[in-house]
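Have a look at input-v5.txt; it's compact mmCIF, C-alpha atoms:
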# COMPACT_ATOMS: atom_id res chain seq x y z
CA MET J 1 26.95 29.36 8.69
CA THR J 2 23.44 29.04 10.01
CA ILE J 3 20.92 28.02 7.41
CA SER J 4 17.43 29.25 8.11
CA LYS J 5 15.90 29.26 4.66
CA LEU J 6 13.37 26.53 4.15
CA PRO J 7 14.59 25.27 0.73
CA ALA J 8 18.03 24.38 2.09
CA LEU J 9 16.57 22.52 5.06
CA VAL J 10 14.10 20.63 2.88
CA GLN J 11 16.93 19.49 0.62
CA GLN J 12 19.06 18.43 3.61
CA PHE J 13 16.11 16.58 5.09
CA PHE J 14 15.69 14.45 1.95
CA THR J 15 19.35 13.91 1.04
CA ASP J 16 20.92 13.72 4.50
CA ARG J 17 18.22 12.68 6.97
CA LEU J 18 16.01 10.34 4.91
CA ALA J 19 18.38 8.93 2.29
CA THR J 20 21.63 8.72 4.31
CA GLN J 21 20.89 8.57 8.03
CA MET J 22 17.57 6.70 8.00
CA GLU J 23 18.06 4.82 4.69
CA ALA J 24 14.36 5.26 4.08
CA SER J 25 12.76 3.12 1.38
CA PRO J 26 11.91 4.63 -2.03
CA ASN J 27 8.21 4.39 -1.15
CA THR J 28 8.72 6.39 2.06
CA ILE J 29 10.75 9.04 0.28
CA ALA J 30 8.15 9.26 -2.49
CA GLY J 31 5.36 9.70 0.09
CA TYR J 32 7.27 12.48 1.86
CA ARG J 33 8.05 14.10 -1.50
CA ASP J 34 4.36 14.21 -2.41
CA THR J 35 3.52 15.75 0.96
CA PHE J 36 6.03 18.56 0.53
CA ARG J 37 5.01 19.13 -3.05
CA LEU J 38 1.48 19.82 -1.84
CA LEU J 39 2.58 21.73 1.28
CA LEU J 40 4.98 24.07 -0.54
CA ARG J 41 2.41 24.80 -3.23
CA PHE J 42 -0.20 25.59 -0.56
CA ALA J 43 2.23 27.73 1.48
CA SER J 44 3.24 29.63 -1.65
CA GLU J 45 -0.39 30.49 -2.36
CA GLN J 46 -1.07 31.51 1.24
CA THR J 47 2.04 33.71 1.65
CA ALA J 48 2.31 35.03 -1.91
CA LYS J 49 5.94 33.87 -1.99
CA VAL J 50 7.61 31.54 -4.45
CA PRO J 51 8.76 28.29 -2.78
CA THR J 52 12.45 29.28 -2.98
CA GLN J 53 11.77 32.38 -0.83
CA LEU J 54 9.87 30.63 1.95
CA GLN J 55 11.30 30.72 5.47
CA ILE J 56 10.78 28.34 8.38
CA ALA J 57 8.58 30.92 10.11
CA ASP J 58 6.23 30.97 7.12
CA ILE J 59 5.12 27.41 7.80
CA ASP J 60 3.69 27.63 11.30
CA SER J 61 1.06 25.57 13.11
CA THR J 62 -1.72 27.78 11.74
CA LEU J 63 -0.69 27.25 8.14
CA VAL J 64 -0.18 23.52 8.71
CA GLY J 65 -3.68 23.32 10.20
CA LYS J 66 -5.14 25.06 7.14
CA PHE J 67 -3.16 22.74 4.88
CA LEU J 68 -4.53 19.64 6.62
CA ALA J 69 -8.06 21.02 6.32
CA HIS J 70 -7.42 21.63 2.61
CA VAL J 71 -6.20 18.05 2.20
CA GLU J 72 -9.50 16.74 3.58
CA SER J 73 -11.97 19.24 2.14
CA GLY J 74 -10.30 20.53 -1.01
CA ARG J 75 -8.61 17.32 -2.14
CA ARG J 76 -11.25 15.04 -0.54
CA ASN J 77 -8.63 12.83 1.13
CA SER J 78 -9.51 10.57 4.03
CA ALA J 79 -8.46 11.15 7.64
CA ARG J 80 -5.82 8.45 7.19
CA SER J 81 -4.26 10.34 4.29
CA ARG J 82 -4.45 13.53 6.31
CA ASN J 83 -2.59 11.84 9.19
CA ALA J 84 0.05 10.51 6.79
CA ARG J 85 0.70 14.05 5.55
CA LEU J 86 0.97 15.27 9.14
CA ALA J 87 3.43 12.48 9.99
CA ALA J 88 5.74 13.60 7.18
CA ILE J 89 5.55 17.24 8.33
CA ARG J 90 6.29 16.22 11.93
CA SER J 91 9.32 14.22 10.82
CA PHE J 92 10.68 17.26 8.99
CA PHE J 93 10.20 19.62 11.91
CA ARG J 94 11.88 17.16 14.29
CA TYR J 95 14.87 17.45 11.97
CA VAL J 96 14.57 21.25 11.93
CA ALA J 97 14.47 21.33 15.74
CA MET J 98 17.83 19.53 15.87
CA SER J 99 19.39 21.54 13.03
CA GLU J 100 18.08 24.98 14.00
CA PRO J 101 17.61 25.22 17.80
CA ALA J 102 16.59 28.88 17.43
CA HIS J 103 13.30 27.61 15.98
CA LEU J 104 12.68 25.06 18.73
CA LEU J 105 9.44 26.66 20.02
CA HIS J 106 8.15 27.00 16.46
CA CYS J 107 8.82 23.30 15.84
CA GLN J 108 7.29 22.30 19.18
CA GLN J 109 3.97 23.90 18.25
CA ILE J 110 3.79 21.89 15.02
CA LEU J 111 4.93 18.65 16.68
CA ALA J 112 2.13 19.06 19.22
CA MET J 113 -0.56 18.94 16.53
CA PRO J 114 -2.61 15.75 17.05
CA SER J 115 -3.53 13.09 14.54
CA LYS J 116 -7.20 12.89 13.66
CA ARG J 117 -9.23 9.94 14.85
CA TYR J 118 -11.34 8.12 12.29
CA VAL J 119 -13.77 5.24 12.05
CA ARG J 120 -12.14 2.04 10.86
CA ARG J 121 -13.98 0.32 8.05
CA THR J 122 -15.08 -3.29 8.36
CA VAL J 123 -12.35 -5.54 6.96
CA GLU J 124 -13.64 -7.25 3.82
CA PHE J 125 -12.63 -10.77 2.76
CA LEU J 126 -13.61 -13.29 0.10
CA ASP J 127 -15.08 -16.72 0.76
CA ARG J 128 -14.40 -19.76 -1.42
CA ALA J 129 -17.35 -19.22 -3.76
CA GLU J 130 -16.37 -15.59 -4.34
CA MET J 131 -12.75 -16.56 -4.90
CA ALA J 132 -13.75 -19.20 -7.47
CA ALA J 133 -15.99 -16.73 -9.31
CA LEU J 134 -13.23 -14.10 -9.38
CA LEU J 135 -10.66 -16.55 -10.75
CA ALA J 136 -13.09 -17.64 -13.46
CA ALA J 137 -13.80 -14.04 -14.54
CA PRO J 138 -10.75 -13.29 -16.78
CA ASP J 139 -11.06 -14.32 -20.42
CA ARG J 140 -8.18 -16.79 -20.70
CA SER J 141 -8.46 -16.94 -24.47
CA THR J 142 -6.57 -13.60 -24.52
CA TRP J 143 -3.05 -12.73 -23.39
CA ALA J 144 -4.29 -10.09 -20.94
CA GLY J 145 -6.86 -12.51 -19.52
CA ARG J 146 -4.22 -15.18 -18.86
CA ARG J 147 -2.01 -12.58 -17.21
CA ASP J 148 -4.85 -11.31 -15.04
CA HIS J 149 -5.77 -14.86 -14.03
CA ALA J 150 -2.17 -15.48 -12.97
CA ILE J 151 -2.09 -12.22 -10.99
CA LEU J 152 -5.34 -13.05 -9.18
CA ILE J 153 -4.34 -16.61 -8.24
CA VAL J 154 -0.95 -15.43 -6.96
CA ALA J 155 -2.57 -12.63 -4.94
CA LEU J 156 -5.19 -14.96 -3.43
CA GLN J 157 -2.79 -17.79 -2.64
CA THR J 158 0.26 -15.90 -1.37
CA GLY J 159 -1.29 -12.84 0.29
CA LEU J 160 1.31 -10.57 -1.32
CA ARG J 161 0.73 -6.83 -1.27
CA VAL J 162 0.03 -5.14 -4.59
CA SER J 163 3.43 -3.39 -4.44
CA GLU J 164 5.10 -6.77 -4.01
CA ILE J 165 3.18 -8.32 -6.92
CA ILE J 166 3.98 -5.58 -9.43
CA ASN J 167 7.67 -5.71 -8.46
CA LEU J 168 8.00 -9.46 -9.01
CA ARG J 169 10.54 -10.54 -11.64
CA ARG J 170 10.72 -13.78 -13.58
CA ARG J 171 13.65 -14.91 -11.43
CA ASP J 172 11.56 -14.48 -8.26
CA VAL J 173 9.47 -17.56 -9.09
CA VAL J 174 11.23 -20.84 -8.23
CA MET J 175 9.65 -23.98 -9.70
CA GLY J 176 10.29 -27.65 -8.97
CA THR J 177 10.37 -29.23 -5.53
CA GLY J 178 9.44 -26.67 -2.89
CA ALA J 179 8.10 -24.18 -5.43
CA HIS J 180 7.94 -20.69 -3.98
CA VAL J 181 8.01 -17.00 -4.82
CA ARG J 182 10.54 -14.56 -3.37
CA CYS J 183 10.00 -10.85 -2.87
CA GLU J 184 11.07 -7.87 -0.81
CA GLY J 185 8.13 -6.94 1.37
CA LYS J 186 7.13 -4.03 3.56
CA GLY J 187 9.98 -2.74 5.69
CA ARG J 188 12.45 -4.26 3.18
CA LYS J 189 11.88 -7.71 4.65
CA GLN J 190 12.74 -10.64 2.41
CA ARG J 191 9.73 -12.94 1.99
CA CYS J 192 9.65 -16.48 0.64
CA THR J 193 6.10 -17.83 0.12
CA PRO J 194 5.39 -21.48 -0.83
CA LEU J 195 3.14 -22.05 -3.83
CA ARG J 196 0.24 -24.50 -4.02
CA GLN J 197 0.03 -26.97 -6.88
CA GLU J 198 -2.74 -25.14 -8.75
CA THR J 199 -0.74 -21.91 -8.57
CA VAL J 200 2.40 -23.67 -9.81
CA LYS J 201 0.52 -25.02 -12.84
CA VAL J 202 -0.80 -21.58 -13.76
CA LEU J 203 2.60 -19.91 -13.32
CA ARG J 204 4.44 -22.60 -15.26
CA VAL J 205 2.17 -22.04 -18.27
CA TRP J 206 2.44 -18.26 -17.85
CA LEU J 207 6.25 -18.33 -17.69
CA GLU J 208 6.37 -20.36 -20.89
CA GLU J 209 4.21 -17.76 -22.62
CA ARG J 210 5.84 -14.76 -20.93
CA LYS J 211 9.46 -15.68 -21.86
CA GLY J 212 11.91 -12.79 -21.60
CA MET J 213 14.92 -12.20 -19.33
CA ASP J 214 15.15 -13.12 -15.65
CA ASP J 215 14.97 -9.45 -14.60
CA ASP J 216 11.87 -8.72 -16.69
CA PRO J 217 8.59 -8.04 -14.81
CA LEU J 218 6.67 -11.24 -14.10
CA PHE J 219 3.37 -9.50 -14.89
CA PRO J 220 4.06 -6.82 -17.53
CA SER J 221 1.75 -4.36 -19.17
CA ILE J 222 0.88 -4.72 -22.86
CA ARG J 223 3.92 -2.56 -23.62
CA GLY J 224 6.20 -4.83 -21.58
CA SER J 225 6.78 -2.42 -18.69
CA LYS J 226 5.92 -2.97 -15.03
CA LEU J 227 2.26 -2.67 -14.10
CA SER J 228 1.23 0.27 -11.94
CA ARG J 229 -0.78 0.01 -8.72
CA ASP J 230 -3.70 1.72 -10.46
CA ALA J 231 -3.62 -0.85 -13.27
CA VAL J 232 -3.89 -3.72 -10.77
CA GLU J 233 -6.69 -1.90 -8.94
CA LEU J 234 -8.61 -1.48 -12.20
CA LEU J 235 -8.21 -5.08 -13.30
CA VAL J 236 -9.45 -6.32 -9.91
CA GLN J 237 -12.49 -4.05 -10.15
CA LYS J 238 -13.18 -5.14 -13.74
CA HIS J 239 -13.05 -8.86 -12.97
CA THR J 240 -15.05 -8.41 -9.77
CA ALA J 241 -17.84 -6.84 -11.82
CA VAL J 242 -17.78 -9.82 -14.21
CA ALA J 243 -17.68 -12.31 -11.32
CA GLY J 244 -20.72 -10.60 -9.80
CA ARG J 245 -22.85 -11.99 -12.64
CA THR J 246 -22.36 -15.54 -11.32
CA CYS J 247 -21.80 -14.78 -7.64
CA GLU J 248 -24.40 -12.39 -6.25
CA SER J 249 -22.54 -11.81 -2.98
CA LEU J 250 -19.89 -9.87 -4.94
CA ILE J 251 -22.45 -7.33 -6.15
CA GLY J 252 -21.84 -4.10 -4.25
CA LYS J 253 -18.90 -5.60 -2.35
CA ARG J 254 -15.82 -3.42 -2.20
CA VAL J 255 -13.03 -5.65 -3.52
CA SER J 256 -9.52 -4.20 -3.81
CA PRO J 257 -6.10 -5.85 -4.23
CA HIS J 258 -5.69 -5.58 -0.45
CA VAL J 259 -8.94 -7.48 0.13
CA LEU J 260 -7.50 -10.40 -1.84
CA ARG J 261 -4.85 -10.77 0.87
CA HIS J 262 -7.53 -11.64 3.41
CA TYR J 263 -8.42 -14.87 1.62
CA VAL J 264 -5.22 -16.49 2.97
CA PRO J 265 -6.25 -16.27 6.65
CA PHE J 266 -9.82 -17.22 5.73
CA ARG J 267 -8.58 -20.39 4.01
CA THR J 268 -6.19 -21.12 6.87
CA MET J 269 -8.97 -20.61 9.39
CA LEU J 270 -11.25 -23.10 7.66
CA SER J 271 -8.54 -25.72 7.18
CA ALA J 272 -7.62 -25.44 10.87
CA GLY J 273 -11.27 -25.87 11.90
CA TRP J 274 -11.96 -22.30 13.03
CA CYS J 275 -15.20 -20.42 12.52
CA TRP J 276 -15.97 -16.73 12.59
CA VAL J 277 -18.37 -14.42 14.38
CA GLU J 278 -19.33 -10.79 14.02
CA GLY J 279 -17.73 -8.62 16.67
CA PRO J 280 -19.14 -5.57 18.42
CA GLU J 281 -17.97 -3.37 15.53
CA ASN J 282 -19.01 -5.87 12.85
CA GLN J 283 -15.39 -6.86 12.32
CA ALA J 284 -14.44 -9.73 10.04
CA PRO J 285 -12.79 -12.93 11.30
CA PHE J 286 -9.13 -13.71 11.53
CA ILE J 287 -6.57 -15.88 13.33
CA ARG J 288 -4.65 -13.60 15.65
CA ARG J 289 -1.54 -15.74 15.74
CA LEU J 290 -0.86 -14.82 12.08
CA GLY J 291 -0.03 -11.33 13.28
CA ILE J 292 -2.71 -9.13 11.72
CA SER J 293 -5.09 -7.35 14.05
CA GLY J 294 -8.66 -6.23 13.55
CA TYR J 295 -10.34 -9.62 13.54
CA ILE J 296 -12.25 -11.84 15.98
CA VAL J 297 -12.31 -15.65 15.93
CA LEU J 298 -13.74 -18.56 17.91
CA ALA J 299 -12.47 -22.12 18.04
CA SER J 300 -14.44 -24.67 16.06
CA ILE J 301 -15.34 -26.56 19.23
CA GLY J 302 -18.89 -25.57 20.07
CA CYS J 303 -19.36 -23.39 16.96

Produce structure tokens that represent the structure in this file.
Amino acid sequence: MTISKLPALVQQFFTDRLATQMEASPNTIAGYRDTFRLLLRFASEQTAKVPTQLQIADIDSTLVGKFLAHVESGRRNSARSRNARLAAIRSFFRYVAMSEPAHLLHCQQILAMPSKRYVRRTVEFLDRAEMAALLAAPDRSTWAGRRDHAILIVALQTGLRVSEIINLRRRDVVMGTGAHVRCEGKGRKQRCTPLRQETVKVLRVWLEERKGMDDDPLFPSIRGSKLSRDAVELLVQKHTAVAGRTCESLIGKRVSPHVLRHYVPFRTMLSAGWCWVEGPENQAPFIRRLGISGYIVLASIGC
């Protein structure tokens, strides 16, 4: 039996295509889910149909174009977020094209919709003085302050993503000779990052205070549950504001959990004798061989 109703295809796309065939990560599936939650709500308003009555023909290139405009203007999302929504819609209609060849032209029109170009922001990073001020900001006389200090020093030293930090468990930290932290990174890659002595000292004290089971979150909330991304974002902003009182260069600087990752290449660059310059687009420095683009460096010789 040919299935042409949109609800059935959406369900098959998530359960068969994403979860079974592609084995997409939970983060990918959640991102696609959010896109379709917004798209179906928008299509329902535009067509005056409940989502369960929508057909493939109802979501055409015109409606998708209006939806993308709504994402940017109505929801005030960036062009990058808009492109991420479009990528999810394209992936779905590639699946529809294979499952329902009768709608091939319809799918082709949506797949031909281009991504929007945008201006890339200058990549921010922290220098040593800013890092020291940020680490000194949390009030370590309180439980939350000691936790925040441990989070910040781990983020600055290891370069872990915020999703990797909040998913760390007690068992992921290995002390002793060759101390390191293990995590599952982007693309479900297993990462093992060595820890410096100062980080080991902080984590050893924190683990003694934290206690709990091996599978408990390494950095829990006050209620004992896993921290959210928003919670980490807020604590970084809070401590950056405090650090700005002693380090003026932090005043007005946009510091996010992702910016903390950039301290690792900065430290590596200095220890290896590299120096940085401002590029044509005012880009920040980096060592290309570490595999992250968007930076320009010069060798220390002649700097």

So, counting all atoms listed in the file, which residue among J:Leu9, J:Ile165, J:Ala48, J:Val236 is closest to Pro257 of chain J?
J:Val236

Taking (-5.0, 12.4, 14.7) in the file's own coordinates, collect the residues within 9 Å, counting all atoms listed in the file, and hand them back as an mmCIF file with C-alpha atoms, in the frame of the given file.
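Everything below was put into point-v4.cif:
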data_model
loop_
_atom_site.group_PDB
_atom_site.id
_atom_site.type_symbol
_atom_site.label_atom_id
_atom_site.label_comp_id
_atom_site.auth_asym_id
_atom_site.auth_seq_id
_atom_site.Cartn_x
_atom_site.Cartn_y
_atom_site.Cartn_z
ATOM 1 C CA ALA J 79 -8.460 11.150 7.640
ATOM 2 C CA ARG J 80 -5.820 8.450 7.190
ATOM 3 C CA ARG J 82 -4.450 13.530 6.310
ATOM 4 C CA ASN J 83 -2.590 11.840 9.190
ATOM 5 C CA LEU J 86 0.970 15.270 9.140
ATOM 6 C CA MET J 113 -0.560 18.940 16.530
ATOM 7 C CA PRO J 114 -2.610 15.750 17.050
ATOM 8 C CA SER J 115 -3.530 13.090 14.540
ATOM 9 C CA LYS J 116 -7.200 12.890 13.660
ATOM 10 C CA ARG J 117 -9.230 9.940 14.850
ATOM 11 C CA TYR J 118 -11.340 8.120 12.290
#

Using only C-alpha atoms, which protein or nucleic acid residues come within 10 Å of Ser163 of chain J? Drop anything in the same chain fewer than 4 positions from it, and give the result as an MDAnalysis selection string.
chainID J and resid 27 167:168 184:186 227:229 232 257

Who sits within 8 Å of Thr35 of chain J, all atoms listed in the file, same chain under 4 positions skipped, as an MDAnalysis selection string:
chainID J and resid 31 39 85 88:89

Considering all atoms listed in the file, can you say which of J:His106, J:His258, J:Arg223, J:Lys253 comes closest to Val162 of chain J?
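So, comparing all the options, the nearest one is J:His258.
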
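Counting only C-alpha atoms, the residue from J:Ser221, J:Ser256, J:Gln190, J:Thr142 that sits nearest to Gln237 of chain J is J:Ser256.
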
May I ask which of the residues J:Gly159, J:Ala136, J:Asp215, J:Ser73 is the closest one to Val173 of chain J, counting only C-alpha atoms?
J:Asp215

Closest of J:Pro217, J:Pro194, J:Gly187, J:Pro138 to Thr158 of chain J - atom-to-atom distances counting only C-alpha atoms
J:Pro194

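Using all atoms listed in the file for every distance, the candidate list J:Arg17, J:Leu68, J:Glu130, J:Val202 yields J:Glu130 as the residue closest to Val242 of chain J.
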
For a cutoff of 12 Å around the file-coordinate point (-16.8, -14.9, -2.2), which residues qualify once you count all atoms listed in the file? I'd like the result as a PyMOL selection string.
chain J and resi 124-135+156+240+243-244+246-251+253-255+259-260+262-263+266-267
